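Data file: coords_18.csv. Format and content: CSV, C-alpha atoms and all ligand atoms.
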```csv
chain,number,residue,atom,x,y,z
A,1,MET,CA,18.6,21.9,8.1
A,2,SER,CA,16.2,19.0,7.3
A,3,PHE,CA,13.6,19.1,4.5
A,4,THR,CA,11.4,16.1,3.9
A,5,VAL,CA,9.5,15.0,0.8
A,6,ALA,CA,6.9,12.3,1.6
A,7,ILE,CA,5.6,10.3,-1.3
A,8,ASP,CA,2.9,7.7,-0.7
A,9,GLY,CA,0.5,5.7,-2.9
A,10,PRO,CA,-0.3,2.2,-4.1
A,11,ALA,CA,1.9,-0.3,-6.0
A,12,ALA,CA,3.4,0.7,-9.3
A,13,ALA,CA,1.8,4.2,-9.4
A,14,GLY,CA,5.1,5.9,-10.2
A,15,LYS,CA,6.3,6.8,-6.6
A,16,GLY,CA,9.8,5.3,-7.1
A,17,THR,CA,10.4,7.1,-10.3
A,18,ILE,CA,9.2,10.4,-8.9
A,19,ALA,CA,11.1,10.0,-5.7
A,20,ARG,CA,14.4,9.2,-7.5
A,21,ALA,CA,13.9,12.2,-9.8
A,22,VAL,CA,13.2,14.6,-6.9
A,23,ALA,CA,16.2,13.3,-5.0
A,24,ALA,CA,18.5,13.7,-8.0
A,25,GLU,CA,17.2,17.2,-8.9
A,26,PHE,CA,17.5,18.7,-5.4
A,27,GLY,CA,20.4,16.6,-4.0
A,28,PHE,CA,18.3,14.9,-1.4
A,29,ALA,CA,18.9,11.4,0.0
A,30,HIS,CA,16.2,8.8,-1.1
A,31,LEU,CA,14.8,5.9,0.9
A,32,ASP,CA,12.4,3.4,-0.7
A,33,THR,CA,10.7,2.2,2.5
A,34,GLY,CA,9.0,-0.6,0.6
A,35,LEU,CA,12.4,-2.3,0.5
A,36,LEU,CA,12.3,-2.5,4.3
A,37,TYR,CA,9.0,-4.4,4.3
A,38,ARG,CA,10.2,-6.6,1.4
A,39,ALA,CA,13.4,-7.5,3.3
A,40,VAL,CA,11.3,-8.6,6.3
A,41,GLY,CA,9.0,-10.5,3.9
A,42,ARG,CA,11.9,-12.3,2.4
A,43,ARG,CA,13.1,-13.3,5.9
A,44,MET,CA,9.6,-14.6,6.7
A,45,LEU,CA,9.6,-16.7,3.5
A,46,ALA,CA,12.9,-18.1,4.7
A,47,GLY,CA,11.2,-19.3,7.9
A,48,GLU,CA,11.9,-16.4,10.3
A,49,ASP,CA,9.4,-14.9,12.6
A,50,PRO,CA,8.5,-11.5,11.0
A,51,VAL,CA,8.8,-9.4,14.2
A,52,THR,CA,12.2,-10.9,15.1
A,53,ALA,CA,13.3,-10.3,11.5
A,54,ALA,CA,12.1,-6.7,11.6
A,55,GLN,CA,14.0,-6.1,14.8
A,56,ALA,CA,17.1,-7.7,13.5
A,57,LEU,CA,17.1,-5.9,10.0
A,58,ARG,CA,20.5,-4.7,8.9
A,59,ALA,CA,21.9,-2.7,5.9
A,60,ASP,CA,22.9,-6.0,4.4
A,61,ASP,CA,19.3,-7.1,4.0
A,62,LEU,CA,18.8,-4.2,1.5
A,63,GLY,CA,22.1,-4.8,-0.3
A,64,ASP,CA,20.6,-6.1,-3.5
A,65,PRO,CA,17.3,-4.3,-4.1
A,66,ASP,CA,16.5,-6.0,-7.4
A,67,ALA,CA,16.5,-9.4,-5.6
A,68,LEU,CA,13.7,-8.0,-3.4
A,69,ARG,CA,11.5,-6.9,-6.4
A,70,THR,CA,9.7,-10.2,-7.0
A,71,PRO,CA,6.0,-10.8,-6.9
A,72,GLU,CA,6.4,-13.4,-4.1
A,73,ILE,CA,8.3,-11.0,-1.9
A,74,ALA,CA,5.8,-8.1,-2.7
A,75,ARG,CA,3.0,-10.4,-1.4
A,76,ALA,CA,5.0,-11.4,1.7
A,77,ALA,CA,5.9,-7.7,2.3
A,78,SER,CA,2.2,-6.7,2.4
A,79,GLN,CA,1.5,-9.6,4.8
A,80,VAL,CA,4.2,-8.6,7.3
A,81,ALA,CA,3.2,-4.9,6.9
A,82,VAL,CA,-0.1,-5.5,8.8
A,83,ILE,CA,1.8,-6.5,12.0
A,84,PRO,CA,2.1,-3.4,14.3
A,85,GLU,CA,5.3,-4.7,15.9
A,86,VAL,CA,7.0,-5.0,12.5
A,87,ARG,CA,6.1,-1.4,11.6
A,88,ALA,CA,7.2,-0.1,15.0
A,89,ALA,CA,10.6,-1.8,14.7
A,90,MET,CA,11.3,0.2,11.6
A,91,THR,CA,9.9,3.6,12.6
A,92,ASP,CA,12.9,5.2,14.2
A,93,PHE,CA,15.2,4.3,11.3
A,94,GLN,CA,12.8,5.9,8.8
A,95,ARG,CA,12.3,9.0,11.0
A,96,ALA,CA,16.1,9.5,11.4
A,97,PHE,CA,16.4,9.2,7.7
A,98,ALA,CA,13.6,11.8,7.1
A,99,TYR,CA,15.2,14.4,9.4
A,100,ARG,CA,18.7,14.0,8.2
A,101,ALA,CA,20.5,17.2,7.2
A,102,GLY,CA,20.5,18.1,3.6
A,103,GLY,CA,17.0,16.8,2.7
A,104,ALA,CA,15.4,13.4,2.2
A,105,VAL,CA,12.7,11.8,0.0
A,106,LEU,CA,10.9,8.8,1.4
A,107,ASP,CA,8.4,6.8,-0.6
A,108,GLY,CA,5.9,4.3,0.9
A,109,ARG,CA,2.4,4.0,2.2
A,110,ASP,CA,2.4,5.9,5.5
A,111,ILE,CA,5.2,8.5,5.2
A,112,GLY,CA,3.1,11.6,5.1
A,113,THR,CA,0.6,10.3,7.7
A,114,VAL,CA,2.6,8.4,10.3
A,115,ILE,CA,6.3,8.5,9.7
A,116,CYS,CA,6.7,12.2,9.0
A,117,PRO,CA,3.5,14.1,9.3
A,118,GLU,CA,5.6,17.3,9.4
A,119,ALA,CA,7.0,16.7,5.9
A,120,GLN,CA,7.3,20.0,4.0
A,121,VAL,CA,6.0,18.3,0.8
A,122,LYS,CA,3.5,15.5,0.7
A,123,LEU,CA,2.6,13.8,-2.6
A,124,PHE,CA,0.0,11.0,-3.0
A,125,VAL,CA,0.8,9.2,-6.3
A,126,THR,CA,-1.9,7.0,-7.7
A,127,ALA,CA,-3.4,5.5,-10.9
A,128,SER,CA,-6.1,3.0,-11.9
A,129,ALA,CA,-5.4,-0.6,-10.9
A,130,GLU,CA,-5.4,-1.5,-14.7
A,131,VAL,CA,-2.7,1.1,-15.6
A,132,ARG,CA,-0.6,0.1,-12.6
A,133,ALA,CA,-0.8,-3.6,-13.5
A,134,GLU,CA,0.3,-2.8,-17.1
A,135,ARG,CA,3.3,-0.9,-15.8
A,136,ARG,CA,4.2,-3.6,-13.2
A,137,LEU,CA,3.8,-6.3,-15.9
A,138,SER,CA,6.3,-4.5,-18.2
A,139,GLU,CA,8.8,-4.2,-15.3
A,140,LEU,CA,8.5,-7.8,-14.2
A,141,LEU,CA,8.8,-9.1,-17.8
A,142,ALA,CA,11.9,-6.9,-18.4
A,143,ALA,CA,13.4,-8.3,-15.3
A,144,GLY,CA,12.9,-11.8,-16.6
A,145,HIS,CA,10.0,-12.9,-14.4
A,146,GLU,CA,7.4,-15.2,-15.9
A,147,THR,CA,3.9,-13.8,-15.3
A,148,ASP,CA,0.9,-12.4,-17.1
A,149,TYR,CA,-1.5,-9.4,-16.9
A,150,ALA,CA,-4.3,-11.2,-15.1
A,151,THR,CA,-2.0,-12.4,-12.4
A,152,VAL,CA,-0.4,-9.0,-11.9
A,153,LEU,CA,-3.7,-7.2,-11.8
A,154,ALA,CA,-5.1,-9.7,-9.2
A,155,ASP,CA,-1.9,-9.2,-7.1
A,156,VAL,CA,-2.1,-5.4,-7.4
A,157,LYS,CA,-5.8,-5.4,-6.3
A,158,ALA,CA,-5.2,-7.8,-3.4
A,159,ARG,CA,-2.3,-5.7,-2.1
A,160,ASP,CA,-4.3,-2.5,-2.5
A,161,ALA,CA,-7.1,-4.0,-0.4
A,162,ARG,CA,-4.7,-5.3,2.3
A,163,ASP,CA,-2.7,-2.0,2.4
A,164,ALA,CA,-5.7,0.3,2.6
A,165,GLY,CA,-7.7,-2.0,4.9
A,166,ARG,CA,-5.2,-2.7,7.7
A,167,ALA,CA,-5.8,-1.2,11.1
A,168,THR,CA,-2.2,0.1,11.7
A,169,SER,CA,-0.9,2.8,9.3
A,170,PRO,CA,-3.3,2.1,6.4
A,171,MET,CA,-2.4,3.5,3.0
A,172,VAL,CA,-4.3,6.8,2.8
A,173,ALA,CA,-3.6,10.2,1.4
A,174,ALA,CA,-2.6,12.7,4.1
A,175,GLU,CA,-5.2,15.6,4.2
A,176,ASP,CA,-2.5,18.1,3.1
A,177,ALA,CA,-1.1,15.9,0.3
A,178,LEU,CA,-1.1,16.9,-3.4
A,179,THR,CA,-2.6,14.0,-5.3
A,180,LEU,CA,-1.0,13.1,-8.6
A,181,ASP,CA,-3.1,10.7,-10.6
A,182,THR,CA,-0.8,9.1,-13.3
A,183,THR,CA,-3.7,7.3,-15.1
A,184,GLU,CA,-3.8,10.2,-17.5
A,185,LEU,CA,-0.9,12.3,-16.4
A,186,SER,CA,2.4,11.0,-17.8
A,187,ILE,CA,5.2,10.2,-15.5
A,188,PRO,CA,7.4,13.0,-16.9
A,189,ALA,CA,4.5,15.4,-16.3
A,190,ALA,CA,4.0,14.1,-12.7
A,191,VAL,CA,7.8,14.6,-12.1
A,192,ALA,CA,7.5,18.2,-13.3
A,193,ARG,CA,4.6,18.8,-10.9
A,194,ALA,CA,6.6,17.3,-8.1
A,195,PHE,CA,9.6,19.5,-8.9
A,196,ALA,CA,7.3,22.6,-8.9
A,197,GLU,CA,5.9,21.6,-5.5
A,198,VAL,CA,9.3,21.1,-3.9
A,199,ALA,CA,10.7,24.3,-5.4
A,200,ALA,CA,7.7,26.3,-4.1
A,201,LYS,CA,7.9,24.9,-0.6
A,202,ARG,CA,11.7,25.3,-0.4
A,203,GLY,CA,11.5,29.0,-1.3
A,301,LIG,O1,7.0,-1.2,-5.4
A,301,LIG,P1,5.6,-1.4,-4.9
A,301,LIG,O2,4.8,-0.1,-4.9
A,301,LIG,O3,4.9,-2.6,-5.6
A,301,LIG,O4,5.7,-1.9,-3.4
A,301,LIG,P2,6.6,-1.4,-2.2
A,301,LIG,O5,6.6,0.0,-2.1
A,301,LIG,O6,8.0,-2.1,-2.4
A,301,LIG,O7,5.9,-2.1,-0.9
A,301,LIG,C1,5.7,-3.4,-0.7
A,301,LIG,C2,4.7,-3.6,0.4
A,301,LIG,O8,5.2,-3.1,1.6
A,301,LIG,C3,3.4,-2.8,0.2
A,301,LIG,O9,2.4,-3.5,-0.5
A,301,LIG,C4,3.0,-2.5,1.6
A,301,LIG,O10,2.2,-3.6,2.2
A,301,LIG,C5,4.3,-2.5,2.4
A,301,LIG,N1,4.7,-1.1,2.7
A,301,LIG,C6,4.1,-0.5,3.8
A,301,LIG,O11,3.2,-1.1,4.4
A,301,LIG,N2,4.5,0.7,4.2
A,301,LIG,C7,5.5,1.4,3.6
A,301,LIG,N3,5.9,2.6,4.0
A,301,LIG,C8,6.1,0.8,2.4
A,301,LIG,C9,5.6,-0.4,2.0
```
If you took the structure in this file and wrote it as structure tokens, what would it be?
Ligand code: CDP
Amino acid sequence: MSFTVAIDGPAAAGKGTIARAVAAEFGFAHLDTGLLYRAVGRRMLAGEDPVTAAQALRADDLGDPDALRTPEIARAASQVAVIPEVRAAMTDFQRAFAYRAGGAVLDGRDIGTVICPEAQVKLFVTASAEVRAERRLSELLAAGHETDYATVLADVKARDARDAGRATSPMVAAEDALTLDTTELSIPAAVARAFAEVAAKRG
């Protein structure tokens, strides 16, 4: 039987950490859907047409996730993500993943609203832009990228505006989503809330 956990929200809010923890705790498969858009973004930066790239995406493109986690690719991802044909090309894959037997956790921007509106658990994980920029700065510095707080904050805000403002599948909390604001709530506390929500819905 399928059981889907949809986790949406803006960049660096803690979605990935919560998604990985839920997947490990309940034995669900996990898909970071941002990687799909990042992989298309990387192909666009290499000169490919984004729609062709999305239609031709293969497992190989996601083979080295860390190589996709650069600021340039994040920016390109949010540019290709506004193109309806790019999103459409990746919908079936995400839905098949969401409904696989044994349970699935997907994190992204439109999982609870568009990809899997029937998800049994929907979380919207958010935090202030400043707190998210601090977190993303630490991650990028730890991974060896050269950047600074002002640049990361500007990137986060530009991406928020593009993701929330686009016409197709904008980033928005589903009406029936539980919002976890990690500005004040620590990530471990947010993980605990997520576990409780999944346990309650699973029965
Ligand atoms: O890790 P971070 O939260 O910074 O970004 P991500 O989840 O890897 O997503 C990168 C970009 O892909 C986002 O800024 C969105 O524009 C796009 N995206 C999307 O449109 N829909 C999704 N389901 C996932 C990502």
Taking (12.6, 1.1, -0.4) in the file's coordinates, which residues come within 9 Å, counting all atoms listed in the file, written as a CSV table (one decimal) with C-alpha atoms, in the coordinates of the input?
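File written: point12.csv
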```
chain,number,residue,atom,x,y,z
A,16,GLY,CA,9.8,5.3,-7.1
A,30,HIS,CA,16.2,8.8,-1.1
A,31,LEU,CA,14.8,5.9,0.9
A,32,ASP,CA,12.4,3.4,-0.7
A,33,THR,CA,10.7,2.2,2.5
A,34,GLY,CA,9.0,-0.6,0.6
A,35,LEU,CA,12.4,-2.3,0.5
A,36,LEU,CA,12.3,-2.5,4.3
A,37,TYR,CA,9.0,-4.4,4.3
A,38,ARG,CA,10.2,-6.6,1.4
A,62,LEU,CA,18.8,-4.2,1.5
A,65,PRO,CA,17.3,-4.3,-4.1
A,106,LEU,CA,10.9,8.8,1.4
A,107,ASP,CA,8.4,6.8,-0.6
A,108,GLY,CA,5.9,4.3,0.9
```
Can you sort out the box for ligand LIG 301 (chain A), edges along x, y and z, all listed atoms in, 6 Å on every side, with centre and edge lengths in Å to one decimal, as AutoDock Vina command-line options?
```
--center_x 5.1 --center_y -0.5 --center_z -0.6 --size_x 17.8 --size_y 18.2 --size_z 22.0
```
Excluding Val152 of chain A and its own-chain neighbours fewer than 2 positions away, which residues fall within 10 Å of it when counting all atoms listed in the file? Please give them as a CSV table (one decimal) with C-alpha atoms, keeping the file's coordinate frame.
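The resulting around-v1.csv:
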```
chain,number,residue,atom,x,y,z
A,71,PRO,CA,6.0,-10.8,-6.9
A,129,ALA,CA,-5.4,-0.6,-10.9
A,130,GLU,CA,-5.4,-1.5,-14.7
A,132,ARG,CA,-0.6,0.1,-12.6
A,133,ALA,CA,-0.8,-3.6,-13.5
A,134,GLU,CA,0.3,-2.8,-17.1
A,135,ARG,CA,3.3,-0.9,-15.8
A,136,ARG,CA,4.2,-3.6,-13.2
A,137,LEU,CA,3.8,-6.3,-15.9
A,140,LEU,CA,8.5,-7.8,-14.2
A,147,THR,CA,3.9,-13.8,-15.3
A,148,ASP,CA,0.9,-12.4,-17.1
A,149,TYR,CA,-1.5,-9.4,-16.9
A,150,ALA,CA,-4.3,-11.2,-15.1
A,154,ALA,CA,-5.1,-9.7,-9.2
A,155,ASP,CA,-1.9,-9.2,-7.1
A,156,VAL,CA,-2.1,-5.4,-7.4
A,157,LYS,CA,-5.8,-5.4,-6.3
A,158,ALA,CA,-5.2,-7.8,-3.4
```
For this session: Have a look at atom CA of Leu185 of chain A and atom CA of Ser138 of chain A and let me know their distance in Å, one decimal.
Result: 18.4 Å
Go through the chains and note each residue within 9 Å of ligand LIG 301 (chain A), using only C-alpha atoms and all ligand atoms, then give the set as a PDB file with C-alpha atoms, in the coordinates of the input.
```
ATOM      1  CA  ASP A   8       2.900   7.700  -0.700  1.00  0.00           C
ATOM      2  CA  GLY A   9       0.500   5.700  -2.900  1.00  0.00           C
ATOM      3  CA  PRO A  10      -0.300   2.200  -4.100  1.00  0.00           C
ATOM      4  CA  ALA A  11       1.900  -0.300  -6.000  1.00  0.00           C
ATOM      5  CA  ALA A  12       3.400   0.700  -9.300  1.00  0.00           C
ATOM      6  CA  ALA A  13       1.800   4.200  -9.400  1.00  0.00           C
ATOM      7  CA  GLY A  14       5.100   5.900 -10.200  1.00  0.00           C
ATOM      8  CA  LYS A  15       6.300   6.800  -6.600  1.00  0.00           C
ATOM      9  CA  GLY A  16       9.800   5.300  -7.100  1.00  0.00           C
ATOM     10  CA  ASP A  32      12.400   3.400  -0.700  1.00  0.00           C
ATOM     11  CA  THR A  33      10.700   2.200   2.500  1.00  0.00           C
ATOM     12  CA  GLY A  34       9.000  -0.600   0.600  1.00  0.00           C
ATOM     13  CA  LEU A  35      12.400  -2.300   0.500  1.00  0.00           C
ATOM     14  CA  LEU A  36      12.300  -2.500   4.300  1.00  0.00           C
ATOM     15  CA  TYR A  37       9.000  -4.400   4.300  1.00  0.00           C
ATOM     16  CA  ARG A  38      10.200  -6.600   1.400  1.00  0.00           C
ATOM     17  CA  GLY A  41       9.000 -10.500   3.900  1.00  0.00           C
ATOM     18  CA  LEU A  68      13.700  -8.000  -3.400  1.00  0.00           C
ATOM     19  CA  ARG A  69      11.500  -6.900  -6.400  1.00  0.00           C
ATOM     20  CA  PRO A  71       6.000 -10.800  -6.900  1.00  0.00           C
ATOM     21  CA  ILE A  73       8.300 -11.000  -1.900  1.00  0.00           C
ATOM     22  CA  ALA A  74       5.800  -8.100  -2.700  1.00  0.00           C
ATOM     23  CA  ARG A  75       3.000 -10.400  -1.400  1.00  0.00           C
ATOM     24  CA  ALA A  76       5.000 -11.400   1.700  1.00  0.00           C
ATOM     25  CA  ALA A  77       5.900  -7.700   2.300  1.00  0.00           C
ATOM     26  CA  SER A  78       2.200  -6.700   2.400  1.00  0.00           C
ATOM     27  CA  GLN A  79       1.500  -9.600   4.800  1.00  0.00           C
ATOM     28  CA  VAL A  80       4.200  -8.600   7.300  1.00  0.00           C
ATOM     29  CA  ALA A  81       3.200  -4.900   6.900  1.00  0.00           C
ATOM     30  CA  VAL A  82      -0.100  -5.500   8.800  1.00  0.00           C
ATOM     31  CA  ARG A  87       6.100  -1.400  11.600  1.00  0.00           C
ATOM     32  CA  LEU A 106      10.900   8.800   1.400  1.00  0.00           C
ATOM     33  CA  ASP A 107       8.400   6.800  -0.600  1.00  0.00           C
ATOM     34  CA  GLY A 108       5.900   4.300   0.900  1.00  0.00           C
ATOM     35  CA  ARG A 109       2.400   4.000   2.200  1.00  0.00           C
ATOM     36  CA  ASP A 110       2.400   5.900   5.500  1.00  0.00           C
ATOM     37  CA  ILE A 111       5.200   8.500   5.200  1.00  0.00           C
ATOM     38  CA  ILE A 115       6.300   8.500   9.700  1.00  0.00           C
ATOM     39  CA  ARG A 136       4.200  -3.600 -13.200  1.00  0.00           C
ATOM     40  CA  VAL A 156      -2.100  -5.400  -7.400  1.00  0.00           C
ATOM     41  CA  ARG A 159      -2.300  -5.700  -2.100  1.00  0.00           C
ATOM     42  CA  ASP A 160      -4.300  -2.500  -2.500  1.00  0.00           C
ATOM     43  CA  ARG A 162      -4.700  -5.300   2.300  1.00  0.00           C
ATOM     44  CA  ASP A 163      -2.700  -2.000   2.400  1.00  0.00           C
ATOM     45  CA  ALA A 164      -5.700   0.300   2.600  1.00  0.00           C
ATOM     46  CA  SER A 169      -0.900   2.800   9.300  1.00  0.00           C
ATOM     47  CA  PRO A 170      -3.300   2.100   6.400  1.00  0.00           C
ATOM     48  CA  MET A 171      -2.400   3.500   3.000  1.00  0.00           C
TER      49      MET A 171
END
```
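Going from atom CA of Ile187 of chain A to atom CA of Arg202 of chain A covers 22.3 Å.
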Problem set entry | Which of A:Asp92, A:Glu118, A:Glu48, A:Asp181 sits closest to Ala194 of chain A [using only C-alpha atoms] | A:Asp181
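Of the residues under consideration (A:Arg43, A:Ala24, A:Thr4, A:Thr182), A:Thr4 shows the shortest atom-to-atom contact distance to Ala96 of chain A when counting only C-alpha atoms.
Pairwise distance (atom CA of Ala192 of chain A, atom CA of Thr126 of chain A) equals 15.7 Å.
Residue nearest Ala119 of chain A within the list A:Glu139, A:Leu153, A:Arg95, A:Gly144: A:Arg95 [criterion: smallest interatomic distance, all atoms listed in the file].
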